[in-house]
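Peer 1: What follows is data.cif; its format and atoms are mmCIF, C-alpha atoms.
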data_protein
loop_
_atom_site.label_atom_id
_atom_site.label_comp_id
_atom_site.auth_asym_id
_atom_site.auth_seq_id
_atom_site.Cartn_x
_atom_site.Cartn_y
_atom_site.Cartn_z
CA MET B 130 11.93 -13.78 6.35
CA ILE B 131 8.32 -14.45 5.43
CA ASP B 132 6.65 -17.42 7.13
CA LEU B 133 5.00 -18.99 4.07
CA ARG B 134 2.92 -21.49 5.99
CA ARG B 135 1.59 -18.79 8.29
CA LEU B 136 0.87 -16.51 5.32
CA ASP B 137 -1.06 -19.31 3.60
CA ASP B 138 -3.07 -19.91 6.78
CA VAL B 139 -3.93 -16.22 6.99
CA THR B 140 -5.11 -15.96 3.40
CA ALA B 141 -7.14 -19.16 3.84
CA GLY B 142 -9.28 -17.23 6.33
CA LEU B 143 -10.21 -14.46 3.92
CA GLY B 144 -13.77 -15.78 3.74
CA ASP B 145 -14.44 -14.37 7.20
CA VAL B 146 -13.78 -10.77 6.13
CA VAL B 147 -15.99 -11.22 3.08
CA LEU B 148 -18.94 -11.55 5.43
CA ASP B 149 -17.68 -8.99 7.96
CA PRO B 150 -15.82 -6.03 6.40
CA ALA B 151 -14.82 -4.88 9.90
CA GLY B 152 -12.38 -7.80 9.94
CA TRP B 153 -9.94 -6.36 7.39
CA PRO B 154 -7.65 -4.68 9.99
CA SER B 155 -7.34 -7.96 11.90
CA PHE B 156 -6.55 -9.80 8.67
CA MET B 157 -3.83 -7.27 7.87
CA ASP B 158 -2.38 -7.61 11.38
CA GLN B 159 -2.00 -11.33 10.75
CA VAL B 160 -0.40 -10.68 7.36
CA CYS B 161 2.12 -8.33 9.00
CA ALA B 162 2.96 -10.97 11.60
CA ALA B 163 3.56 -13.50 8.81
CA VAL B 164 5.76 -11.22 6.71
CA GLY B 165 7.65 -9.42 9.47
CA ALA B 166 6.14 -5.95 9.02
CA THR B 167 4.92 -3.19 11.30
CA GLY B 168 1.58 -2.37 9.71
CA ALA B 169 -0.56 -2.37 6.60
CA ALA B 170 -3.34 -0.48 4.84
CA MET B 171 -5.48 -0.89 1.75
CA LEU B 172 -5.30 1.91 -0.80
CA GLN B 173 -7.27 2.32 -4.00
CA SER B 174 -5.32 3.45 -7.05
CA ASP B 175 -7.28 6.64 -7.63
CA VAL B 176 -9.36 7.30 -4.48
CA ARG B 177 -7.91 7.46 -0.99
CA THR B 178 -10.00 8.56 1.99
CA GLU B 179 -9.56 8.48 5.76
CA ASP B 180 -11.77 5.42 6.21
CA ILE B 181 -9.35 3.09 4.43
CA PRO B 182 -8.92 -0.30 6.15
CA ARG B 183 -5.65 -0.18 8.13
CA THR B 184 -3.97 -1.66 11.18
CA ASP B 185 -3.87 0.27 14.45
CA SER B 186 -0.07 0.19 14.35
CA ILE B 187 0.09 2.76 11.55
CA THR B 188 -3.12 4.70 12.22
CA ASP B 189 -1.20 7.63 13.72
CA TYR B 190 0.73 8.12 10.51
CA PHE B 191 -2.44 8.28 8.41
CA THR B 192 -4.43 10.46 10.78
CA LYS B 193 -1.62 12.87 11.71
CA ILE B 194 0.40 13.14 8.50
CA TYR B 195 -0.82 11.29 5.42
CA PHE B 196 -4.30 12.80 5.14
CA PRO B 197 -3.92 16.11 7.03
CA THR B 198 -0.95 17.16 4.85
CA ASN B 199 -2.57 15.89 1.62
CA LEU B 200 0.10 13.28 0.94
CA HIS B 201 -2.75 11.02 -0.19
CA ARG B 202 -3.17 13.32 -3.20
CA THR B 203 0.52 13.23 -4.19
CA ASP B 204 1.49 9.72 -3.09
CA ILE B 205 4.48 8.83 -5.28
CA ARG B 206 3.77 5.15 -4.75
CA ALA B 207 0.52 5.59 -6.68
CA ALA B 208 2.02 7.92 -9.30
CA ARG B 209 4.86 5.53 -10.15
CA GLY B 210 3.49 2.21 -8.93
CA VAL B 211 -0.01 2.11 -10.46
CA PRO B 212 1.30 2.16 -14.07
CA LEU B 213 3.53 -0.77 -13.19
CA MET B 214 0.61 -2.71 -11.74
CA ILE B 215 -1.55 -1.94 -14.76
CA ALA B 216 1.28 -3.27 -16.92
CA GLY B 217 1.27 -6.54 -14.98
CA THR B 218 3.56 -6.16 -11.97
CA THR B 219 1.86 -7.93 -9.07
CA VAL B 220 4.00 -6.58 -6.23
CA ILE B 221 5.80 -3.23 -6.20
CA THR B 222 8.46 -2.13 -3.72
CA ASP B 223 10.64 0.88 -3.07
CA GLY B 224 13.19 -0.54 -5.50
CA ASP B 225 10.64 -0.23 -8.31
CA LEU B 226 9.97 3.42 -7.49
CA PHE B 227 13.43 4.90 -6.89
CA GLU B 228 16.90 4.53 -8.29
CA SER B 229 18.53 4.89 -4.88
CA GLU B 230 17.74 5.04 -1.18
CA ALA B 231 18.91 8.66 -1.11
CA GLU B 232 16.33 9.59 -3.75
CA MET B 233 13.67 7.71 -1.80
CA LEU B 234 14.36 9.56 1.44
CA ARG B 235 14.11 12.93 -0.31
CA ASP B 236 10.49 12.24 -1.24
CA PRO B 237 8.06 14.11 1.09
CA LEU B 238 6.11 10.96 1.96
CA TYR B 239 9.20 8.90 2.82
CA ALA B 240 10.67 11.81 4.73
CA THR B 241 7.71 11.68 7.13
CA LEU B 242 7.62 7.89 7.55
CA GLY B 243 10.71 7.93 9.73
CA GLU B 244 8.94 10.01 12.37
CA PHE B 245 6.66 7.02 12.95
CA GLY B 246 9.31 4.30 12.84
CA LEU B 247 8.50 3.31 9.25
CA LYS B 248 10.61 3.13 6.11
CA TRP B 249 10.24 0.24 3.67
CA PHE B 250 7.18 -0.54 1.55
CA ALA B 251 5.62 -3.30 -0.54
CA GLY B 252 2.30 -3.09 -2.34
CA VAL B 253 0.36 -6.20 -3.41
CA GLY B 254 -1.96 -5.34 -6.27
CA PHE B 255 -5.44 -6.80 -6.65
CA HIS B 256 -8.77 -5.91 -8.23
CA ALA B 257 -12.28 -5.32 -6.95
CA GLY B 258 -14.24 -5.24 -10.18
CA PRO B 259 -12.61 -2.62 -12.41
CA ALA B 260 -10.97 -0.84 -9.47
CA LEU B 261 -7.29 -1.44 -8.78
CA TRP B 262 -6.28 -1.71 -5.13
CA ALA B 263 -3.08 -2.43 -3.24
CA LEU B 264 -2.43 -4.05 0.12
CA THR B 265 0.37 -1.73 1.25
CA ILE B 266 2.71 -3.24 3.83
CA GLN B 267 5.08 -1.07 5.89
CA ARG B 268 8.31 -2.17 7.53
CA SER B 269 10.57 -0.38 9.98
CA PRO B 270 14.24 0.29 9.25
CA LYS B 271 15.15 -2.71 11.41
CA GLU B 272 12.74 -5.03 9.61
CA GLY B 273 14.45 -4.13 6.36
CA MET B 274 13.44 -3.79 2.74
CA PHE B 275 11.59 -6.54 0.91
CA GLU B 276 13.89 -8.97 -0.90
CA ALA B 277 13.23 -10.85 -4.15
CA ASP B 278 12.11 -14.09 -2.49
CA GLU B 279 9.75 -12.18 -0.20
CA ILE B 280 8.26 -10.33 -3.16
CA LYS B 281 7.64 -13.68 -4.85
CA ALA B 282 5.90 -14.95 -1.70
CA LEU B 283 3.68 -11.86 -1.48
CA ALA B 284 2.65 -12.30 -5.11
CA ARG B 285 0.95 -15.54 -4.07
CA ILE B 286 -1.79 -13.69 -2.18
CA SER B 287 -2.75 -11.28 -4.98
CA GLY B 288 -5.27 -13.64 -6.54
CA ARG B 289 -6.80 -14.50 -3.18
CA LEU B 290 -7.26 -10.81 -2.42
CA THR B 291 -9.01 -10.30 -5.75
CA GLU B 292 -11.36 -13.18 -4.99
CA ALA B 293 -12.13 -11.84 -1.51
CA ALA B 294 -12.66 -8.28 -2.77
CA THR B 295 -15.01 -9.54 -5.48
CA LEU B 296 -17.02 -11.65 -3.04
CA SER B 297 -17.07 -8.81 -0.53
CA THR B 298 -18.58 -6.55 -3.18
CA VAL B 299 -21.27 -9.15 -3.94
CA ALA B 300 -22.04 -9.59 -0.23
CA GLY B 301 -22.30 -5.84 0.23
CA ARG B 302 -24.71 -5.56 -2.68
CA ALA B 303 -26.84 -8.33 -1.20
CA ALA B 304 -26.96 -6.52 2.14
CA LEU B 305 -27.98 -3.28 0.44
CA SER B 306 -30.64 -5.10 -1.55
CA GLY B 307 -32.01 -6.52 1.67
CA VAL B 308 -32.30 -3.05 3.19
CA THR B 309 -33.98 -1.43 0.20
CA SER B 310 -36.35 -4.41 -0.15
CA ALA B 311 -37.31 -4.14 3.50
CA LEU B 312 -38.03 -0.43 3.00
CA ASP B 313 -40.14 -1.42 -0.01
CA LEU B 314 -42.37 -3.45 2.29
CA ILE B 315 -43.14 -0.41 4.41
CA GLN B 316 -43.58 1.75 1.29
CA VAL B 317 -40.45 3.85 1.72
CA ALA B 318 -38.59 4.83 -1.45
CA ALA B 319 -34.84 4.24 -1.12
CA ILE B 320 -31.82 4.69 -3.40
CA ALA B 321 -28.37 3.44 -2.37
CA VAL B 322 -25.49 5.56 -3.66
CA GLY B 323 -21.72 5.29 -3.64
CA ARG B 324 -19.14 7.81 -2.57
CA PHE B 325 -19.41 9.79 -5.82
CA GLY B 326 -23.18 9.58 -6.14
CA ALA B 327 -23.36 6.60 -8.49
CA ILE B 328 -26.52 4.58 -7.90
CA ILE B 329 -25.78 1.14 -6.52
CA GLY B 330 -29.39 0.04 -6.10
CA MET B 331 -32.96 1.21 -5.61
CA ASN B 332 -36.30 -0.33 -4.68
CA SER B 333 -39.58 -0.32 -6.56
CA GLN B 334 -40.95 2.53 -4.46
CA ALA B 335 -38.04 4.69 -5.64
CA GLU B 336 -38.56 3.65 -9.26
CA ALA B 337 -42.19 4.78 -8.94
CA CYS B 338 -40.97 8.25 -7.88
CA LEU B 339 -38.96 8.76 -11.07
CA GLY B 340 -40.30 11.21 -13.62
CA PRO B 341 -39.79 14.81 -14.70
CA GLU B 342 -38.94 15.96 -11.17
CA LEU B 343 -36.57 13.11 -10.26
CA ALA B 344 -34.61 11.39 -13.02
CA ILE B 345 -31.64 9.08 -13.43
CA ARG B 346 -28.94 10.40 -15.79
CA ASN B 347 -25.53 8.79 -16.18
CA ASN B 348 -26.43 6.50 -13.27
CA ARG B 349 -26.93 9.45 -10.94
CA LEU B 350 -30.02 11.04 -9.44
CA THR B 351 -30.79 14.48 -10.84
CA LEU B 352 -33.51 16.90 -9.76
CA ARG B 353 -35.37 19.43 -11.92
CA ASP B 354 -35.53 21.90 -9.03
CA ARG B 355 -32.23 23.75 -9.54
CA GLN B 356 -31.75 24.66 -5.90
CA ALA B 357 -32.51 21.13 -4.75
CA ASN B 358 -30.19 19.69 -7.40
CA ALA B 359 -27.41 22.01 -6.23
CA ASP B 360 -28.03 20.90 -2.64
CA LEU B 361 -27.84 17.24 -3.70
CA THR B 362 -24.61 17.86 -5.62
CA ARG B 363 -23.11 19.55 -2.56
CA LEU B 364 -24.01 16.61 -0.32
CA ILE B 365 -22.55 14.12 -2.80
CA ASP B 366 -19.37 16.19 -2.94
CA GLN B 367 -19.16 15.92 0.85
CA LEU B 368 -19.46 12.14 0.58
CA ALA B 369 -16.51 12.03 -1.80
CA HIS B 370 -14.19 13.71 0.69
CA THR B 371 -15.34 12.42 4.07
CA SER B 372 -14.75 9.07 5.72
CA ASP B 373 -17.25 6.56 7.02
CA LEU B 374 -16.10 7.58 10.49
CA GLN B 375 -17.79 10.98 10.15
CA PRO B 376 -21.56 11.52 10.43
CA LEU B 377 -23.48 12.14 7.23
CA PRO B 378 -25.11 15.51 6.53
CA SER B 379 -28.56 15.48 8.12
CA SER B 380 -30.24 18.42 6.38
CA PRO B 381 -33.12 17.30 4.16
CA ILE B 382 -33.28 18.29 0.50
CA VAL B 383 -36.63 19.81 -0.44
CA VAL B 384 -37.63 19.44 -4.09
CA ARG B 385 -40.15 22.20 -4.84
CA ARG B 386 -42.88 21.58 -7.42
CA ILE B 387 -45.51 23.73 -9.09
CA ASP B 388 -49.07 22.94 -7.93
CA LYS B 389 -47.88 19.98 -5.87
CA ARG B 390 -46.48 19.38 -2.43
CA PRO B 391 -42.69 19.01 -2.37
CA ILE B 392 -40.58 15.88 -2.38
CA VAL B 393 -38.24 15.49 0.61
CA ILE B 394 -34.95 13.57 0.33
CA GLN B 395 -32.97 12.56 3.41
CA MET B 396 -29.58 10.86 3.57
CA GLN B 397 -28.95 7.90 5.88
CA PRO B 398 -25.77 5.80 6.37
CA VAL B 399 -25.62 2.26 5.04
CA LEU B 400 -25.64 -0.61 7.50
CA PRO B 401 -22.24 -2.05 8.57
CA ALA B 402 -22.66 -5.29 6.57
CA ALA B 403 -22.80 -3.24 3.36
CA ARG B 404 -19.72 -1.15 4.13
CA SER B 405 -17.36 -3.20 2.04
CA PRO B 406 -14.48 -0.89 1.12
CA PHE B 407 -14.65 -2.32 -2.40
CA LEU B 408 -18.37 -1.74 -2.98
CA GLY B 409 -18.11 1.90 -2.01
CA ALA B 410 -21.70 2.14 -0.76
CA ARG B 411 -21.87 5.32 1.26
CA ALA B 412 -25.47 6.36 1.84
CA ILE B 413 -29.14 5.59 1.30
CA LEU B 414 -31.38 8.35 0.03
CA LEU B 415 -34.87 8.13 1.51
CA ILE B 416 -37.48 9.82 -0.69
CA ARG B 417 -40.84 11.04 0.56
CA ASP B 418 -43.38 12.40 -1.91
CA LEU B 419 -45.62 14.60 0.21
CA GLU B 420 -48.17 14.60 -2.60
CA GLY B 421 -48.39 10.84 -2.47
CA ASN B 422 -51.22 8.80 -1.10
CA PRO B 423 -49.71 6.54 1.58
CA ALA B 424 -51.70 3.44 2.36
CA PHE B 425 -53.28 3.47 5.79
CA ASP B 426 -55.36 0.56 7.01
CA GLN B 427 -58.50 2.20 8.37
CA ALA B 428 -59.60 -1.05 10.01
CA LEU B 429 -56.24 -1.29 11.80
CA LEU B 430 -56.47 2.31 13.01
CA ALA B 431 -60.05 1.75 14.20
CA ALA B 432 -59.11 -1.44 16.06
CA THR B 433 -55.95 0.03 17.57
CA PHE B 434 -57.49 3.19 18.96
CA GLU B 435 -61.17 2.15 19.18
CA LEU B 436 -62.19 4.71 16.56
CA THR B 437 -65.56 4.80 14.88
CA PRO B 438 -65.56 4.32 11.06
CA ALA B 439 -66.01 8.08 10.58
CA GLN B 440 -63.19 8.87 12.98
CA ALA B 441 -60.90 6.32 11.25
CA ARG B 442 -61.64 7.92 7.85
CA LEU B 443 -60.82 11.38 9.21
CA ALA B 444 -57.63 10.12 10.88
CA THR B 445 -56.54 8.56 7.59
CA ARG B 446 -57.06 11.78 5.66
CA LEU B 447 -55.16 13.80 8.25
CA ALA B 448 -52.29 11.28 8.18
CA ARG B 449 -52.07 11.74 4.41
CA GLY B 450 -51.52 15.46 4.86
CA ASP B 451 -55.01 16.87 4.43
CA SER B 452 -56.25 19.71 6.61
CA VAL B 453 -59.34 19.33 8.78
CA GLU B 454 -61.18 21.64 6.39
CA ASP B 455 -60.27 19.58 3.30
CA ALA B 456 -61.09 16.36 5.12
CA ALA B 457 -64.52 17.71 6.05
CA VAL B 458 -65.23 18.62 2.42
CA GLN B 459 -64.15 15.19 1.18
CA ALA B 460 -66.30 13.48 3.81
CA GLY B 461 -69.29 15.70 3.04
CA VAL B 462 -69.71 16.81 6.65
CA ALA B 463 -69.73 20.17 8.36
CA LEU B 464 -66.44 21.57 9.59
CA ALA B 465 -67.80 21.62 13.13
CA THR B 466 -68.56 17.90 12.87
CA ALA B 467 -65.04 17.14 11.66
CA ARG B 468 -63.57 19.17 14.52
CA ASN B 469 -65.67 17.27 17.06
CA GLN B 470 -64.47 14.00 15.53
CA LEU B 471 -60.88 15.25 15.80
CA LYS B 472 -61.36 16.03 19.49
CA ALA B 473 -62.60 12.48 20.03
CA ILE B 474 -59.59 11.12 18.11
CA PHE B 475 -57.24 13.18 20.28
CA GLN B 476 -58.83 11.74 23.40
CA LYS B 477 -58.69 8.13 22.20
CA THR B 478 -55.09 8.35 20.94
CA GLY B 479 -53.75 10.37 23.87
CA THR B 480 -52.53 13.15 21.57
CA HIS B 481 -53.11 16.90 21.78
CA ARG B 482 -52.04 18.37 18.46
CA GLN B 483 -52.60 17.39 14.85
CA ALA B 484 -48.86 17.04 14.18
CA GLU B 485 -48.52 14.72 17.17
CA LEU B 486 -51.48 12.67 15.96
CA VAL B 487 -50.07 12.33 12.43
CA ALA B 488 -46.69 11.21 13.77
CA LEU B 489 -48.43 8.52 15.86
CA LEU B 490 -50.56 7.31 12.93
CA HIS B 491 -47.47 6.95 10.73
CA LYS B 492 -46.03 4.55 13.31
CA VAL B 493 -49.09 2.35 12.97
CA LYS B 494 -49.13 2.36 9.16
#
Rewrite the structure of this file - the entire thing - as structure tokens.

Peer 2:
Amino acid sequence: MIDLRRLDDVTAGLGDVVLDPAGWPSFMDQVCAAVGATGAAMLQSDVRTEDIPRTDSITDYFTKIYFPTNLHRTDIRAARGVPLMIAGTTVITDGDLFESEAEMLRDPLYATLGEFGLKWFAGVGFHAGPALWALTIQRSPKEGMFEADEIKALARISGRLTEAATLSTVAGRAALSGVTSALDLIQVAAIAVGRFGAIIGMNSQAEACLGPELAIRNNRLTLRDRQANADLTRLIDQLAHTSDLQPLPSSPIVVRRIDKRPIVIQMQPVLPAARSPFLGARAILLIRDLEGNPAFDQALLAATFELTPAQARLATRLARGDSVEDAAVQAGVALATARNQLKAIFQKTGTHRQAELVALLHKVK
């Protein structure tokens, strides 16, 4: 039997997981203890990936059977249960999906549950924005199927889950906004994207990069360079089918341009506070326009490394990507003079190569 008071106490603490998405497994453990179940997981109606929030007690089933054998693509509970939830059923159980226990046990998914000491199921529906989710609760044969009074008790937490999922999404967006805003301050263009490439947010530096080469269409980043656009599409496809537990692709995307230096796009993971399962934020795209004119404080460089004004001007031009020859022309000095200045800069900064110097100057910027 479900301990109603304990279940109410558990749902009263949902505010904690809103602020810390890593707390969902612990919350589900407490739910299982209150309802007499072995384990639980959260499944979205149309997208199910290995990083779903779940309790440790049923992790083996998901990692050894459910995902490896593609049961997540043919889950009968979604095929038959989602239409019921859309029609207004708050809690679905095995009795809603099958006409008999014999039919249930013939299903491929249910046939594998027994290997892990699982059998009976209840799914509590809730929403995170337009997305339909279910808190799926698994019982062992001994714990028994969910009865009518237990289903009624579980229905009480549906609204609370919707509230928590909605707030979690808002908190995740705020965390993402904080990251992109911080990158704005150091003049780094950043676009946050979801699992399927939809743009969740961007900073003003990224907006300034938009134009013929980089554009937003249907709320997705598109590139005019066909090869680069194909590379971006491939990386987004990888996001759609990999979990947060796996590292993101690290290869940069190079956007080639005629008569201009390329644009380089790199993918970075979102910070933990923004990893709400309901927001779906998956990565931040960092955009560097190599043709750009990054702001370097010449006075700061001069003070930091004791450079003369001429040396600081040369260092700034080199940091922006100019060659020594181009820098000499812009400064109106002989190439030999510029090279002598560069030697002095090397000595004062403790560097030995131009690439090493540029990397150091970018840390000071």

Peer 1: Please report, as JSON lines, each residue of range 218-321 of chain B lying at most 9 Å from range 381-404 of chain B, together with the nearest pair of atoms and the separation in Å rounded to one decimal; use all atoms listed in the file, and order rows by chain and ascending residue number.

Peer 2:
{"residue": "B:Ser297", "atom": "CA", "partner": "B:Ala403", "partner_atom": "CA", "distance": 8.9}
{"residue": "B:Thr298", "atom": "CA", "partner": "B:Ala403", "partner_atom": "CA", "distance": 8.5}
{"residue": "B:Ala300", "atom": "CA", "partner": "B:Ala403", "partner_atom": "CA", "distance": 7.3}
{"residue": "B:Gly301", "atom": "CA", "partner": "B:Ala403", "partner_atom": "CA", "distance": 4.1}
{"residue": "B:Arg302", "atom": "CA", "partner": "B:Ala403", "partner_atom": "CA", "distance": 6.7}
{"residue": "B:Ala303", "atom": "CA", "partner": "B:Ala403", "partner_atom": "CA", "distance": 7.9}
{"residue": "B:Ala304", "atom": "CA", "partner": "B:Ala403", "partner_atom": "CA", "distance": 5.4}
{"residue": "B:Leu305", "atom": "CA", "partner": "B:Ala403", "partner_atom": "CA", "distance": 5.9}
{"residue": "B:Val308", "atom": "CA", "partner": "B:Leu400", "partner_atom": "CA", "distance": 8.3}
{"residue": "B:Ala321", "atom": "CA", "partner": "B:Val399", "partner_atom": "CA", "distance": 8.0}

Peer 1: Can you work out which one of B:Ile345, B:Ala444, B:Ala277, B:Leu290 has the shortest atom-to-atom distance to Trp153 in chain B, counting only C-alpha atoms?

Peer 2: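 Once distances to Trp153 in chain B are computed over only C-alpha atoms, the minimum belongs to B:Leu290.
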
Peer 1: Write out as a PyMOL selection string which residues come within 12 Å of Gln159 in chain B when counting only C-alpha atoms, dropping same-chain ones fewer than 3 positions away.

Peer 2: chain B and resi 132+135-143+152-156+162-169+184+266

Peer 1: Using only C-alpha atoms, please write the residues we just selected to a file, as a PDB file, in the coordinates of the input.

Peer 2:
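Result file is out.pdb:
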ATOM      1  CA  ASP B 132       6.650 -17.420   7.130  1.00  0.00           C
ATOM      2  CA  ARG B 135       1.590 -18.790   8.290  1.00  0.00           C
ATOM      3  CA  LEU B 136       0.870 -16.510   5.320  1.00  0.00           C
ATOM      4  CA  ASP B 137      -1.060 -19.310   3.600  1.00  0.00           C
ATOM      5  CA  ASP B 138      -3.070 -19.910   6.780  1.00  0.00           C
ATOM      6  CA  VAL B 139      -3.930 -16.220   6.990  1.00  0.00           C
ATOM      7  CA  THR B 140      -5.110 -15.960   3.400  1.00  0.00           C
ATOM      8  CA  ALA B 141      -7.140 -19.160   3.840  1.00  0.00           C
ATOM      9  CA  GLY B 142      -9.280 -17.230   6.330  1.00  0.00           C
ATOM     10  CA  LEU B 143     -10.210 -14.460   3.920  1.00  0.00           C
ATOM     11  CA  GLY B 152     -12.380  -7.800   9.940  1.00  0.00           C
ATOM     12  CA  TRP B 153      -9.940  -6.360   7.390  1.00  0.00           C
ATOM     13  CA  PRO B 154      -7.650  -4.680   9.990  1.00  0.00           C
ATOM     14  CA  SER B 155      -7.340  -7.960  11.900  1.00  0.00           C
ATOM     15  CA  PHE B 156      -6.550  -9.800   8.670  1.00  0.00           C
ATOM     16  CA  ALA B 162       2.960 -10.970  11.600  1.00  0.00           C
ATOM     17  CA  ALA B 163       3.560 -13.500   8.810  1.00  0.00           C
ATOM     18  CA  VAL B 164       5.760 -11.220   6.710  1.00  0.00           C
ATOM     19  CA  GLY B 165       7.650  -9.420   9.470  1.00  0.00           C
ATOM     20  CA  ALA B 166       6.140  -5.950   9.020  1.00  0.00           C
ATOM     21  CA  THR B 167       4.920  -3.190  11.300  1.00  0.00           C
ATOM     22  CA  GLY B 168       1.580  -2.370   9.710  1.00  0.00           C
ATOM     23  CA  ALA B 169      -0.560  -2.370   6.600  1.00  0.00           C
ATOM     24  CA  THR B 184      -3.970  -1.660  11.180  1.00  0.00           C
ATOM     25  CA  ILE B 266       2.710  -3.240   3.830  1.00  0.00           C
TER      26      ILE B 266
END

Peer 1: One decimal, Å: what's the distance from CA of Thr309 in chain B over to CA of Asn347 in chain B, could you say?

Peer 2: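 Going from CA of Thr309 in chain B over to CA of Asn347 in chain B covers 21.1 Å.
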
Peer 1: If we count only C-alpha atoms, what is near range 463-478 of chain B at a cut-off of 7 Å, once residues fewer than 4 positions away on the same chain are taken out, given as number ranges by chain?

Peer 2: B: 434, 440, 453-454, 457

Peer 1: Would you compute the distance between CA of Pro259 in chain B and CA of Phe407 in chain B? Give it in Å to one decimal.

Peer 2: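 According to the coordinates, CA of Pro259 in chain B and CA of Phe407 in chain B are separated by 10.2 Å.
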
Peer 1: Suppose a student applies the PyMOL selection byres ((chain B and resi 198-207) around 12) to this structure; what residues should they get, written as a PyMOL selection string?

Peer 2: chain B and resi 172-179+181+190-197+208-215+220-227+232-242+249-254+261-263+265+370

Peer 1: Could you jot down the CA of Gly307 in chain B to CA of Ser333 in chain B separation for me, Å, one decimal place?

Peer 2: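 Taking CA of Gly307 in chain B as the start and CA of Ser333 in chain B as the end point, the length is 12.8 Å.
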
Peer 1: So which residues get picked by the PyMOL selection byres ((chain B and resi 349-356) around 10) here, written as a count of residues only?

Peer 2: 30

Peer 1: Apply the PyMOL selection byres ((chain B and resi 449) around 12) to the displayed file and report the matching residues as number ranges by chain.

Peer 2: B: 390, 417-426, 442-448, 450-453, 455-456, 483-484, 486-488, 490-491, 494

Peer 1: Here is a test: counting all atoms listed in the file, which residue of B:Ile131, B:Pro406, B:Thr188, B:Leu368 is nearest to Glu272 in chain B?

Peer 2: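 Closest candidate: B:Ile131.
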
Peer 1: Out of B:Gly288, B:Pro182, B:Pro150, B:Pro438, which residue has the shortest atom-to-atom distance to His256 in chain B when counting only C-alpha atoms?

Peer 2: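 Of the candidates, the smallest distance to His256 in chain B is held by B:Gly288.
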
Peer 1: With N, CA and C atoms retained, output range 221-233 of chain B as a compact mmCIF listing (two decimals), in the first residue's frame.

Peer 2:
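So the final result, stored in result.txt, reads:
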# COMPACT_ATOMS: atom_id res chain seq x y z
N ILE B 221 -1.25 5.76 -16.06
CA ILE B 221 -1.51 4.54 -16.83
C ILE B 221 -0.80 3.38 -16.17
N THR B 222 -1.38 2.19 -16.28
CA THR B 222 -0.77 0.98 -15.73
C THR B 222 -0.85 -0.13 -16.76
N ASP B 223 -0.32 -1.27 -16.40
CA ASP B 223 -0.34 -2.43 -17.30
C ASP B 223 -1.76 -2.79 -17.71
N GLY B 224 -2.71 -2.59 -16.78
CA GLY B 224 -4.10 -2.91 -17.08
C GLY B 224 -4.69 -2.04 -18.17
N ASP B 225 -4.12 -0.85 -18.39
CA ASP B 225 -4.58 0.02 -19.47
C ASP B 225 -3.99 -0.38 -20.82
N LEU B 226 -2.91 -1.14 -20.78
CA LEU B 226 -2.17 -1.46 -22.00
C LEU B 226 -2.50 -2.84 -22.57
N PHE B 227 -2.89 -3.78 -21.71
CA PHE B 227 -3.10 -5.16 -22.14
C PHE B 227 -4.44 -5.69 -21.64
N GLU B 228 -4.96 -6.64 -22.38
CA GLU B 228 -6.21 -7.26 -21.97
C GLU B 228 -6.00 -8.37 -20.96
N SER B 229 -4.79 -8.91 -20.90
CA SER B 229 -4.51 -9.99 -19.95
C SER B 229 -3.03 -9.99 -19.59
N GLU B 230 -2.71 -10.66 -18.48
CA GLU B 230 -1.32 -10.78 -18.07
C GLU B 230 -0.53 -11.62 -19.08
N ALA B 231 -1.19 -12.61 -19.67
CA ALA B 231 -0.50 -13.44 -20.66
C ALA B 231 -0.07 -12.61 -21.86
N GLU B 232 -0.96 -11.72 -22.32
CA GLU B 232 -0.60 -10.85 -23.44
C GLU B 232 0.56 -9.94 -23.04
N MET B 233 0.52 -9.43 -21.83
CA MET B 233 1.57 -8.54 -21.34
C MET B 233 2.93 -9.24 -21.36
